[in-house]
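**Q** Supplied structure: my_file_4.txt, compact mmCIF, C-alpha atoms (C1' of nucleotides).
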```txt
# COMPACT_ATOMS: atom_id res chain seq x y z
CA MET A 39 0.00 0.00 0.00
CA LYS A 40 2.80 2.36 0.78
CA LEU A 41 4.58 1.18 -2.34
CA THR A 42 1.74 2.30 -4.53
CA LYS A 43 1.68 5.51 -2.57
CA ILE A 44 5.26 6.33 -3.39
CA SER A 45 4.70 5.70 -7.05
CA ALA A 46 1.58 7.87 -6.94
CA ILE A 47 3.53 10.64 -5.27
CA ARG A 48 6.41 10.44 -7.71
CA ARG A 49 4.10 10.40 -10.69
CA LYS A 50 2.31 13.49 -9.45
CA GLU A 51 5.57 15.29 -8.73
CA LEU A 52 6.86 14.47 -12.18
CA ARG A 53 3.64 15.51 -13.93
CA GLN A 54 3.77 18.86 -12.19
CA ALA A 55 7.46 19.29 -12.85
CA ALA A 56 6.82 18.55 -16.50
CA PHE A 57 4.14 21.23 -16.70
CA GLU A 58 6.32 23.74 -14.92
CA VAL A 59 9.23 23.15 -17.25
CA LEU A 60 6.81 23.49 -20.12
CA GLN A 61 5.89 26.95 -18.90
CA GLN A 62 9.45 28.17 -19.18
CA GLU A 63 10.93 26.12 -21.99
CA GLY A 64 8.17 25.12 -24.35
CA MET A 65 7.78 21.61 -25.67
CA ALA A 66 11.10 21.45 -27.52
CA GLY A 67 13.01 22.67 -24.51
CA ALA A 68 11.15 20.48 -22.05
CA THR A 69 13.70 17.74 -21.99
CA LEU A 70 13.48 14.67 -19.78
CA GLU A 71 16.62 15.74 -18.00
CA LYS A 72 15.26 19.19 -17.24
CA VAL A 73 12.02 17.76 -15.93
CA ALA A 74 13.95 15.37 -13.72
CA ALA A 75 16.26 18.10 -12.46
CA HIS A 76 13.26 20.34 -11.78
CA ALA A 77 11.73 17.57 -9.70
CA GLY A 78 15.05 16.95 -7.95
CA ALA A 79 15.57 13.50 -9.41
CA SER A 80 17.58 11.79 -12.09
CA LYS A 81 16.50 11.32 -15.65
CA GLY A 82 16.19 7.59 -15.30
CA ILE A 83 13.43 7.93 -12.75
CA VAL A 84 11.20 9.77 -15.19
CA LEU A 85 11.16 6.86 -17.61
CA HIS A 86 10.75 4.52 -14.68
CA TYR A 87 7.36 6.07 -13.91
CA PHE A 88 6.32 7.01 -17.43
CA ARG A 89 6.80 4.81 -20.43
CA SER A 90 7.87 7.68 -22.67
CA LYS A 91 8.10 11.42 -22.93
CA GLN A 92 4.77 11.48 -24.69
CA GLU A 93 3.07 9.67 -21.86
CA LEU A 94 4.60 12.05 -19.34
CA PHE A 95 3.26 15.14 -21.05
CA GLU A 96 -0.04 13.48 -21.70
CA HIS A 97 -0.42 13.09 -17.94
CA ALA A 98 0.90 16.60 -17.38
CA MET A 99 -1.85 17.93 -19.62
CA ARG A 100 -4.47 15.91 -17.77
CA GLU A 101 -3.22 17.16 -14.44
CA ALA A 102 -3.19 20.79 -15.48
CA ASN A 103 -6.69 20.49 -16.84
CA LEU A 104 -7.88 18.75 -13.71
CA SER A 105 -6.68 21.67 -11.67
CA LEU A 106 -8.58 24.15 -13.81
CA SER A 107 -11.58 21.88 -13.91
CA GLU A 108 -11.73 21.70 -10.14
CA ALA A 109 -11.59 25.46 -9.84
CA VAL A 110 -14.54 25.80 -12.19
CA ASN A 111 -16.50 23.06 -10.45
CA ALA A 112 -15.92 24.58 -7.03
CA ARG A 113 -17.41 27.82 -8.31
CA LEU A 114 -20.24 26.02 -10.05
CA LYS A 115 -21.24 24.41 -6.77
CA GLN A 116 -21.75 27.83 -5.23
CA ALA A 117 -23.81 29.04 -8.15
CA THR A 118 -27.57 28.82 -8.03
CA THR A 119 -28.89 30.77 -11.01
CA PRO A 120 -27.95 30.19 -14.66
CA CYS A 121 -26.32 33.60 -14.70
CA GLU A 122 -24.20 32.70 -11.72
CA ARG A 123 -23.24 29.46 -13.43
CA LEU A 124 -21.98 31.41 -16.42
CA GLU A 125 -20.03 33.70 -14.15
CA ALA A 126 -18.57 30.70 -12.37
CA ILE A 127 -17.29 29.14 -15.58
CA ILE A 128 -15.78 32.37 -16.78
CA GLU A 129 -14.21 33.45 -13.51
CA GLY A 130 -12.85 29.96 -13.00
CA ASN A 131 -11.08 30.18 -16.34
CA PHE A 132 -9.52 33.50 -15.43
CA GLU A 133 -8.38 32.90 -11.88
CA GLU A 134 -5.06 34.55 -11.17
CA ARG A 135 -3.28 31.27 -10.68
CA PHE A 136 -4.32 30.08 -14.17
CA PHE A 137 -4.47 33.16 -16.33
CA ARG A 138 -0.74 33.82 -16.25
CA PRO A 139 1.52 34.25 -19.28
CA SER A 140 3.69 31.26 -18.45
CA ILE A 141 0.76 28.93 -17.91
CA CYS A 142 -1.04 30.10 -21.03
CA HIS A 143 2.20 29.56 -22.89
CA ALA A 144 2.41 25.99 -21.59
CA TRP A 145 -1.10 25.34 -22.88
CA LEU A 146 -0.19 26.87 -26.19
CA SER A 147 2.77 24.53 -26.44
CA LEU A 148 0.54 21.55 -25.75
CA CYS A 149 -2.06 22.70 -28.29
CA ALA A 150 0.64 22.97 -30.92
CA GLU A 151 1.41 19.27 -30.43
CA VAL A 152 -2.20 18.14 -30.63
CA PRO A 153 -2.31 17.47 -34.38
CA ARG A 154 0.61 15.03 -34.14
CA GLU A 155 -0.25 13.32 -30.86
CA PRO A 156 -3.56 11.48 -30.88
CA GLN A 157 -3.51 11.13 -27.10
CA LEU A 158 -3.27 14.88 -26.65
CA ALA A 159 -6.02 15.31 -29.21
CA ARG A 160 -8.24 13.00 -27.19
CA ILE A 161 -7.65 15.01 -24.03
CA GLN A 162 -8.25 18.25 -25.85
CA LYS A 163 -11.55 16.89 -27.10
CA VAL A 164 -12.63 15.97 -23.59
CA ILE A 165 -11.68 19.40 -22.32
CA HIS A 166 -13.74 21.16 -24.94
CA ALA A 167 -16.65 18.81 -24.49
CA ARG A 168 -16.74 19.57 -20.80
CA MET A 169 -16.52 23.30 -21.42
CA ARG A 170 -19.36 23.11 -23.90
CA SER A 171 -21.43 20.99 -21.57
CA ASN A 172 -20.92 23.39 -18.68
CA LEU A 173 -21.81 26.37 -20.80
CA MET A 174 -24.89 24.72 -22.28
CA SER A 175 -26.25 23.81 -18.87
CA ALA A 176 -26.39 27.51 -18.10
CA LEU A 177 -27.25 28.89 -21.52
CA VAL A 178 -30.35 26.77 -22.10
CA HIS A 179 -32.04 28.73 -19.35
CA LEU A 180 -31.06 32.07 -20.77
CA LEU A 181 -31.46 31.73 -24.51
CA PRO A 182 -33.59 30.02 -27.13
CA ARG A 183 -32.26 26.51 -27.68
CA ALA A 184 -31.30 27.27 -31.25
CA GLU A 185 -28.86 29.97 -30.17
CA CYS A 186 -27.15 28.16 -27.32
CA GLU A 187 -24.72 26.16 -29.39
CA ALA A 188 -23.42 29.22 -31.20
CA VAL A 189 -23.05 31.27 -28.03
CA ALA A 190 -21.23 28.44 -26.30
CA LEU A 191 -18.79 28.31 -29.19
CA ALA A 192 -18.32 32.06 -29.09
CA ILE A 193 -17.58 32.05 -25.38
CA THR A 194 -15.09 29.22 -25.84
CA ALA A 195 -13.43 31.02 -28.73
CA LEU A 196 -13.22 34.23 -26.72
CA ILE A 197 -11.63 32.46 -23.78
CA ASP A 198 -9.19 30.63 -26.04
CA GLY A 199 -8.34 33.82 -27.88
CA LEU A 200 -7.63 35.69 -24.66
CA TRP A 201 -5.56 32.81 -23.34
CA LEU A 202 -3.63 32.75 -26.59
CA ARG A 203 -2.85 36.44 -26.28
CA ALA A 204 -1.76 35.98 -22.71
CA GLY A 205 0.43 33.08 -23.80
CA LEU A 206 2.13 35.37 -26.30
CA GLN A 207 3.15 37.44 -23.29
CA SER A 208 1.36 40.44 -24.68
CA GLU A 209 2.01 42.72 -21.78
CA GLY A 210 -1.12 44.79 -21.82
CA LEU A 211 -3.54 41.94 -21.30
CA THR A 212 -4.39 41.69 -17.62
CA ARG A 213 -6.85 39.41 -15.93
CA ASP A 214 -9.20 42.34 -15.35
CA ILE A 215 -9.27 43.27 -18.99
CA ALA A 216 -9.91 39.67 -19.98
CA LEU A 217 -12.74 39.34 -17.48
CA SER A 218 -14.37 42.58 -18.54
CA GLN A 219 -14.16 41.39 -22.15
CA MET A 220 -16.09 38.28 -21.26
CA ARG A 221 -18.68 40.18 -19.24
CA GLU A 222 -19.18 42.70 -21.99
CA TYR A 223 -19.81 39.94 -24.48
CA LEU A 224 -22.46 38.41 -22.24
CA LYS A 225 -24.01 41.80 -21.54
CA TYR A 226 -24.67 42.34 -25.23
CA ARG A 227 -25.48 38.77 -26.14
CA ILE A 228 -27.64 37.52 -23.28
CA PRO A 229 -31.05 39.17 -22.90
CA ARG A 230 -32.01 40.38 -19.49
CA MET B 22 21.29 41.78 -61.19
CA LYS B 23 20.30 38.27 -62.08
CA LEU B 24 22.38 37.07 -59.18
CA THR B 25 20.26 38.95 -56.74
CA LYS B 26 17.25 37.61 -58.54
CA ILE B 27 18.27 34.02 -57.97
CA SER B 28 18.88 34.65 -54.34
CA ALA B 29 15.51 36.38 -54.06
CA ILE B 30 13.81 33.46 -55.74
CA ARG B 31 15.55 30.86 -53.60
CA ARG B 32 14.79 32.74 -50.44
CA LYS B 33 11.13 32.93 -51.31
CA GLU B 34 10.99 29.26 -52.25
CA LEU B 35 12.64 28.31 -48.99
CA ARG B 36 10.40 30.55 -46.88
CA GLN B 37 7.35 28.96 -48.43
CA ALA B 38 8.75 25.47 -48.12
CA ALA B 39 9.46 26.14 -44.47
CA PHE B 40 5.88 27.24 -43.85
CA GLU B 41 4.49 24.25 -45.70
CA VAL B 42 6.58 21.81 -43.71
CA LEU B 43 5.44 23.62 -40.59
CA GLN B 44 1.85 22.89 -41.50
CA GLN B 45 2.44 19.16 -41.53
CA GLU B 46 5.20 18.63 -39.00
CA GLY B 47 5.04 21.40 -36.44
CA MET B 48 8.09 23.29 -35.29
CA ALA B 49 9.94 20.33 -33.78
CA GLY B 50 9.44 18.27 -36.92
CA ALA B 51 10.26 21.08 -39.29
CA THR B 52 13.87 20.15 -39.75
CA LEU B 53 16.24 21.92 -42.10
CA GLU B 54 16.60 18.72 -44.10
CA LYS B 55 12.84 18.37 -44.54
CA VAL B 56 12.49 21.98 -45.60
CA ALA B 57 15.27 21.55 -48.11
CA ALA B 58 13.80 18.31 -49.44
CA HIS B 59 10.39 19.94 -49.70
CA ALA B 60 11.92 22.71 -51.78
CA GLY B 61 13.85 20.18 -53.88
CA ALA B 62 17.26 21.25 -52.64
CA SER B 63 19.94 20.14 -50.23
CA LYS B 64 20.20 21.13 -46.63
CA GLY B 65 23.32 23.15 -47.21
CA ILE B 66 21.52 25.56 -49.46
CA VAL B 67 19.09 26.53 -46.74
CA LEU B 68 21.86 27.77 -44.51
CA HIS B 69 23.45 29.43 -47.50
CA TYR B 70 20.45 31.72 -47.85
CA PHE B 71 19.48 31.97 -44.19
CA ARG B 72 21.95 32.40 -41.37
CA SER B 73 20.13 29.99 -39.10
CA LYS B 74 16.95 28.00 -38.65
CA GLN B 75 15.54 30.79 -36.54
CA GLU B 76 16.06 33.32 -39.29
CA LEU B 77 14.42 30.99 -41.80
CA PHE B 78 11.25 30.61 -39.78
CA GLU B 79 11.25 34.25 -38.90
CA HIS B 80 11.05 35.00 -42.62
CA ALA B 81 8.51 32.23 -43.11
CA MET B 82 6.28 33.88 -40.54
CA ARG B 83 6.67 37.26 -42.23
CA GLU B 84 5.83 35.76 -45.60
CA ALA B 85 2.75 33.96 -44.35
CA ASN B 86 1.53 37.11 -42.67
CA LEU B 87 2.20 39.15 -45.77
CA SER B 88 -0.02 36.84 -47.74
CA LEU B 89 -2.86 37.21 -45.28
CA SER B 90 -2.25 40.92 -45.02
CA GLU B 91 -2.53 41.35 -48.76
CA ALA B 92 -5.80 39.48 -48.84
CA VAL B 93 -7.24 41.79 -46.21
CA ASN B 94 -5.90 44.91 -47.91
CA ALA B 95 -7.31 43.88 -51.26
CA ARG B 96 -10.73 43.60 -49.67
CA LEU B 97 -10.27 46.83 -47.76
CA LYS B 98 -9.64 48.66 -51.02
CA GLN B 99 -13.06 47.60 -52.30
CA ALA B 100 -14.80 48.66 -49.12
CA THR B 101 -16.34 52.10 -48.88
CA THR B 102 -18.36 52.17 -45.68
CA PRO B 103 -17.05 51.38 -42.18
CA CYS B 104 -19.31 48.34 -42.10
CA GLU B 105 -17.82 47.09 -45.32
CA ARG B 106 -14.37 47.64 -43.91
CA LEU B 107 -15.19 45.45 -40.94
CA GLU B 108 -16.54 42.78 -43.26
CA ALA B 109 -13.39 43.02 -45.35
CA ILE B 110 -11.12 42.43 -42.38
CA ILE B 111 -13.15 39.49 -41.15
CA GLU B 112 -13.69 37.81 -44.48
CA GLY B 113 -10.05 38.28 -45.32
CA ASN B 114 -9.08 36.42 -42.18
CA PHE B 115 -11.38 33.55 -43.03
CA GLU B 116 -10.68 33.06 -46.71
CA GLU B 117 -10.68 29.39 -47.64
CA ARG B 118 -7.01 29.39 -48.49
CA PHE B 119 -6.09 30.65 -45.01
CA PHE B 120 -8.65 29.22 -42.65
CA ARG B 121 -7.52 25.62 -43.04
CA PRO B 122 -6.56 23.26 -40.24
CA SER B 123 -3.00 22.81 -41.47
CA ILE B 124 -2.37 26.51 -41.84
CA CYS B 125 -3.91 27.36 -38.50
CA HIS B 126 -1.75 24.65 -37.01
CA ALA B 127 1.35 26.21 -38.52
CA TRP B 128 0.43 29.53 -36.94
CA LEU B 129 -0.16 27.81 -33.64
CA SER B 130 3.30 26.28 -33.83
CA LEU B 131 4.82 29.69 -34.48
CA CYS B 132 2.88 31.28 -31.63
CA ALA B 133 4.14 28.61 -29.27
CA GLU B 134 7.70 29.72 -30.06
CA VAL B 135 7.07 33.41 -29.55
CA PRO B 136 7.98 33.57 -25.86
CA ARG B 137 11.44 32.16 -26.53
CA GLU B 138 12.23 33.92 -29.80
CA PRO B 139 12.33 37.71 -29.57
CA GLN B 140 12.27 38.06 -33.34
CA LEU B 141 9.03 36.13 -33.60
CA ALA B 142 7.64 38.18 -30.75
CA ARG B 143 8.45 41.34 -32.66
CA ILE B 144 6.65 40.09 -35.75
CA GLN B 145 3.69 38.98 -33.68
CA LYS B 146 3.48 42.44 -32.21
CA VAL B 147 3.45 44.03 -35.63
CA ILE B 148 0.73 41.66 -36.79
CA HIS B 149 -1.51 42.49 -33.87
CA ALA B 150 -0.84 46.18 -34.17
CA ARG B 151 -1.91 46.11 -37.80
CA MET B 152 -5.02 44.13 -36.99
CA ARG B 153 -5.94 46.58 -34.26
CA SER B 154 -5.26 49.54 -36.49
CA ASN B 155 -7.42 48.13 -39.27
CA LEU B 156 -10.24 47.39 -36.91
CA MET B 157 -10.07 50.79 -35.23
CA SER B 158 -10.23 52.62 -38.54
CA ALA B 159 -13.63 51.06 -39.06
CA LEU B 160 -14.90 50.97 -35.51
CA VAL B 161 -14.41 54.65 -34.74
CA HIS B 162 -17.19 55.40 -37.22
CA LEU B 163 -19.55 52.87 -35.70
CA LEU B 164 -19.06 53.18 -31.96
CA PRO B 165 -18.27 55.70 -29.24
CA ARG B 166 -14.53 56.13 -29.05
CA ALA B 167 -14.40 54.70 -25.55
CA GLU B 168 -15.75 51.37 -26.70
CA CYS B 169 -13.64 50.87 -29.80
CA GLU B 170 -10.56 49.55 -28.10
CA ALA B 171 -12.47 46.86 -26.26
CA VAL B 172 -14.41 45.75 -29.31
CA ALA B 173 -11.25 45.58 -31.38
CA LEU B 174 -9.72 43.32 -28.76
CA ALA B 175 -12.83 41.15 -28.67
CA ILE B 176 -12.83 40.72 -32.44
CA THR B 177 -9.15 39.82 -32.39
CA ALA B 178 -9.67 37.34 -29.58
CA LEU B 179 -12.60 35.78 -31.41
CA ILE B 180 -10.59 35.38 -34.59
CA ASP B 181 -7.64 33.96 -32.69
CA GLY B 182 -9.88 31.60 -30.76
CA LEU B 183 -11.51 30.30 -33.92
CA TRP B 184 -8.14 29.89 -35.60
CA LEU B 185 -6.88 28.03 -32.57
CA ARG B 186 -9.80 25.64 -32.72
CA ALA B 187 -9.25 25.10 -36.41
CA GLY B 188 -5.57 24.47 -35.72
CA LEU B 189 -6.54 21.74 -33.27
CA GLN B 190 -8.19 20.05 -36.23
CA SER B 191 -11.53 20.16 -34.50
CA GLU B 192 -13.54 18.68 -37.32
CA GLY B 193 -16.82 20.46 -36.84
CA LEU B 194 -15.45 23.97 -37.29
CA THR B 195 -16.01 25.05 -40.88
CA ARG B 196 -15.31 28.38 -42.45
CA ASP B 197 -19.02 29.12 -42.62
CA ILE B 198 -19.52 28.52 -38.94
CA ALA B 199 -16.56 30.72 -38.11
CA LEU B 200 -17.81 33.50 -40.34
CA SER B 201 -21.32 33.36 -38.92
CA GLN B 202 -19.81 33.52 -35.44
CA MET B 203 -18.06 36.75 -36.31
CA ARG B 204 -21.13 38.23 -37.95
CA GLU B 205 -23.29 37.33 -35.02
CA TYR B 206 -20.91 39.05 -32.65
CA LEU B 207 -21.02 42.22 -34.72
CA LYS B 208 -24.79 42.03 -35.04
CA TYR B 209 -25.21 42.17 -31.29
CA ARG B 210 -22.34 44.49 -30.51
CA ILE B 211 -22.50 47.14 -33.22
CA PRO B 212 -25.57 49.39 -33.18
CA ARG B 213 -27.41 49.88 -36.40
C1' DT C 231 18.04 -11.03 10.19
C1' DA C 232 17.66 -12.61 5.58
C1' DT C 233 15.45 -12.27 1.34
C1' DT C 234 12.73 -10.36 -1.82
C1' DT C 235 11.01 -6.37 -4.03
C1' DA C 236 10.96 -1.65 -5.37
C1' DA C 237 13.31 2.85 -6.01
C1' DT C 238 16.96 5.25 -7.91
C1' DT C 239 21.10 6.27 -10.15
C1' DG C 240 24.62 6.92 -13.73
C1' DC C 241 26.28 5.53 -17.84
C1' DC C 242 25.72 4.11 -22.43
C1' DC C 243 23.72 3.96 -27.06
C1' DA C 244 21.97 4.95 -31.44
C1' DG C 245 19.92 8.47 -33.82
C1' DT C 246 19.07 13.30 -35.05
C1' DC C 247 19.77 18.06 -35.62
C1' DG C 248 21.77 22.57 -36.61
C1' DG C 249 25.59 24.25 -38.46
C1' DT C 250 30.44 24.34 -40.84
C1' DC C 251 33.31 23.57 -44.63
C1' DA C 252 35.84 22.25 -48.53
C1' DA C 253 35.01 20.87 -53.10
C1' DT C 254 32.42 21.17 -57.33
C1' DA C 255 29.23 23.01 -60.78
C1' DA C 256 27.18 26.85 -62.84
C1' DT C 257 27.02 31.60 -64.08
C1' DT C 258 28.70 35.92 -65.04
C1' DG C 259 31.39 39.61 -66.94
C1' DA C 260 35.29 41.41 -69.45
C1' DT D 296 37.67 32.44 -73.93
C1' DC D 297 38.94 32.74 -69.24
C1' DA D 298 39.00 34.28 -64.72
C1' DA D 299 36.06 35.48 -60.93
C1' DT D 300 32.07 35.09 -58.59
C1' DT D 301 28.06 32.58 -56.99
C1' DA D 302 25.19 28.48 -56.37
C1' DT D 303 25.01 24.00 -54.72
C1' DT D 304 26.23 19.80 -52.83
C1' DG D 305 27.39 16.30 -49.54
C1' DA D 306 30.29 14.85 -46.08
C1' DC D 307 31.25 15.83 -41.52
C1' DC D 308 31.18 17.49 -36.52
C1' DG D 309 29.81 18.38 -31.92
C1' DA D 310 25.97 18.62 -29.08
C1' DC D 311 22.01 16.78 -27.41
C1' DT D 312 17.97 13.65 -26.90
C1' DG D 313 14.97 9.81 -25.72
C1' DG D 314 15.41 5.63 -24.19
C1' DG D 315 17.68 1.18 -22.24
C1' DC D 316 20.15 -1.17 -18.71
C1' DA D 317 22.94 -3.05 -15.26
C1' DA D 318 24.28 -1.93 -10.76
C1' DT D 319 23.37 0.09 -6.35
C1' DT D 320 20.58 1.51 -2.58
C1' DA D 321 16.52 1.50 0.25
C1' DA D 322 12.40 -0.68 1.99
C1' DA D 323 9.41 -4.14 3.19
C1' DT D 324 8.17 -8.60 4.40
C1' DA D 325 8.60 -13.06 6.53
```
Represent the structure from my file as structure tokens, please.

**A**
Amino acid sequence: MKLTKISAIRRKELRQAAFEVLQQEGMAGATLEKVAAHAGASKGIVLHYFRSKQELFEHAMREANLSLSEAVNARLKQATTPCERLEAIIEGNFEERFFRPSICHAWLSLCAEVPREPQLARIQKVIHARMRSNLMSALVHLLPRAECEAVALAITALIDGLWLRAGLQSEGLTRDIALSQMREYLKYRIPR
Amino acid sequence: MKLTKISAIRRKELRQAAFEVLQQEGMAGATLEKVAAHAGASKGIVLHYFRSKQELFEHAMREANLSLSEAVNARLKQATTPCERLEAIIEGNFEERFFRPSICHAWLSLCAEVPREPQLARIQKVIHARMRSNLMSALVHLLPRAECEAVALAITALIDGLWLRAGLQSEGLTRDIALSQMREYLKYRIPR
DNA sequence: TATTTAATTGCCCAGTCGGTCAATAATTGA
DNA sequence: TCAATTATTGACCGACTGGGCAATTAAATA
């Protein structure tokens, strides 16, 4: 039981180290040795817990998404009205600990690998499906059914676009500006 | 004079080859040898015309942007009203030859390198500045000055977000859907 | 304690990549 | 025509990478 625990701990440490290296170095620079060093271990240990580099970053992507997902879900639990649910999704996606240039850059690096890594593509699909599902559960109470799909896509595209800009380290784009962008969109698009 | 011509031709061929390889292989897979092979030349010739791989892809990015820029400008020339100018910018950015999964993926790959390549960052900045400038020249006639900046950012984010999605090879996202997304945003945001 | 099992390391390997360079082919100009 | 310049090639190098592996250490179990 403790044996499995150690392996679980190591795997988590290495996933997180991988994502952190990704933030600073991008995918090309995120070498197994750097990940190991960042986790305070030797390179060999990384391939002891993950079959390959691909598998490591696949789990790193899952972990990072889980973290964001939990933040959104925590906010969703507090929400009671459809409007509050929308706010929860949006604010969750722009929490200070997530909406940072380095983290957005890490996501960008992962997205760039998606077309050549089916596993990453699968994860990406799940992420978007969840986002859409969350949005729809709020939108159906605020809009005619026929419009929901389009608005959900627009919100997703807006979030992605703002994250992209942040990932480019465009200096002017603060969390507040991003949030007000999202709120303004809703203000004009959702009837009240 | 013909000497310079040959070098100009080769450089253009290699820039384009580099961007085309980028579409299929991403940045990590876009090796000098593959670019050379794709252009029907040897690897040595690439470094004869470009000082380094970085410089090559820097020029590839410029070239690709120039192409898109020209498409937008051509449409802008035909436009007379501010509304038509907005349409021109948007339709230019979603022409069939640009809004393709492989091309969006190439852009994504370049964006992922921006934080670690100052030259790419510089180009990216220019691209966004031009986009903003184009948008503002139309928006100032359609909206109160105070709102223009925000709307220009929203349009840019929407475009980027849709391009990102296309770059992820998300199958459902066609040009028509993307265009109708943009039009719907304008419909609700711009008074008439 | 003795033995088995897991964790961890350091070194090695084969392959790849960006980049250099000397040699050759082609082109130009006088 | 002939020298000088340019274009082009292909072999080569050093650096680095992902991955494999045998050896060592630590832990757990009986």

**Q** Provide an axis-aligned box for all listed atoms of region 182-185 of chain A, padding each side by 8 Å; report its centre and its edge lengths in Å to one decimal, as lines of an AutoDock Vina configuration file.

**A**
```
center_x = -31.2
center_y = 28.3
center_z = -29.2
size_x = 20.7
size_y = 19.5
size_z = 20.1
```

**Q** Go through D:DT300, D:DG314, D:DA321, D:DG305 and flag the residue nearest chain A, using only C-alpha atoms (C1' of nucleotides) for the distances.

**A**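 Once distances to chain A are computed over only C-alpha atoms (C1' of nucleotides), the minimum belongs to D:DG314.
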
**Q** At what distance in Å, to one decimal, does CA of Ala81 (chain B) lie from CA of Lys163 (chain A)?

**A** 29.9 Å

**Q** Kindly determine which residues of chain A lie within 6 Å of chain B, considering only C-alpha atoms, and give the answer as a PyMOL selection string.

**A** chain A and resi 146-147+150+195-196+198-200

**Q** What residues in chain B lie within 12 Å of chain D, counting all atoms listed in the file, written as a PyMOL selection string?

**A** chain B and resi 23-25+27-28+31+61-70

**Q** Would you mind telling me which residue in A:Met99, A:His76, A:Arg138, A:Ile128 lies nearest to Glu209 (chain A) when using all atoms listed in the file?

**A**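 Result for the nearest residue to Glu209 (chain A): A:Arg138.
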
**Q** Which is closer to chain B than all the others in C:DA252, C:DT257, C:DG245, C:DT239, using all atoms listed in the file?

**A**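 Once distances to chain B are computed over all atoms listed in the file, the minimum belongs to C:DT257.
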
**Q** Give me, please, the distance in Å between CA of Thr52 (chain B) and CA of Lys91 (chain A), quoted to one decimal.

**A** 19.8 Å

**Q** Do you have the CA of Glu117 (chain B)-CA of Gln37 (chain B) distance handy?

**A**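 Between CA of Glu117 (chain B) and CA of Gln37 (chain B) the gap works out to 18.1 Å.
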
**Q** Within 7 Å of (-12.3, 28.4, -16.1) (coordinates as in the file), grab all the protein and nucleic acid residues, counting only C-alpha atoms (C1' of nucleotides), and write them out as a PDB file with C-alpha atoms, in the coordinates of the input.

**A**
```pdb
ATOM      1  CA  LEU A 106      -8.580  24.150 -13.810  1.00  0.00           C
ATOM      2  CA  SER A 107     -11.580  21.880 -13.910  1.00  0.00           C
ATOM      3  CA  ALA A 109     -11.590  25.460  -9.840  1.00  0.00           C
ATOM      4  CA  VAL A 110     -14.540  25.800 -12.190  1.00  0.00           C
ATOM      5  CA  ILE A 127     -17.290  29.140 -15.580  1.00  0.00           C
ATOM      6  CA  ILE A 128     -15.780  32.370 -16.780  1.00  0.00           C
ATOM      7  CA  GLU A 129     -14.210  33.450 -13.510  1.00  0.00           C
ATOM      8  CA  GLY A 130     -12.850  29.960 -13.000  1.00  0.00           C
ATOM      9  CA  ASN A 131     -11.080  30.180 -16.340  1.00  0.00           C
ATOM     10  CA  PHE A 132      -9.520  33.500 -15.430  1.00  0.00           C
TER      11      PHE A 132
END
```

**Q** Between B:Arg36, B:Arg151, B:Arg72, B:His80, which has the minimum distance to Asn94 (chain B) (counting all atoms listed in the file)?

**A**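 Checking each candidate against Asn94 (chain B), we get B:Arg151 as the closest.
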
**Q** Give me the chain C side of the contact with chain B, cut-off 10 Å, one line per residue showing its nearest atom pair and distance in Å at one decimal, counting only C-alpha atoms (C1' of nucleotides), sorted by chain and residue number, as a Markdown table.

**A**
```
| residue | atom | partner | partner_atom | distance |
| --- | --- | --- | --- | --- |
| C:DT246 | C1' | B:Thr52 | CA | 9.8 |
| C:DC247 | C1' | B:Thr52 | CA | 7.5 |
| C:DG248 | C1' | B:Lys74 | CA | 7.5 |
| C:DG249 | C1' | B:Leu68 | CA | 7.9 |
| C:DT250 | C1' | B:Gly65 | CA | 9.6 |
| C:DT257 | C1' | B:Leu24 | CA | 8.7 |
| C:DT258 | C1' | B:Leu24 | CA | 8.7 |
```

**Q** Here is a test: counting all atoms listed in the file, which residue of A:Ile47, A:Leu180, A:Asn103, A:Val59 is nearest to Ala74 (chain A)?

**A**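 Closest candidate: A:Val59.
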
**Q** In terms of the shortest atom-to-atom distance over only C-alpha atoms, which of B:Leu107, B:Gly193, B:Ala51, B:Leu35 is closest to Met152 (chain B)?

**A**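 Once distances to Met152 (chain B) are computed over only C-alpha atoms, the minimum belongs to B:Leu107.
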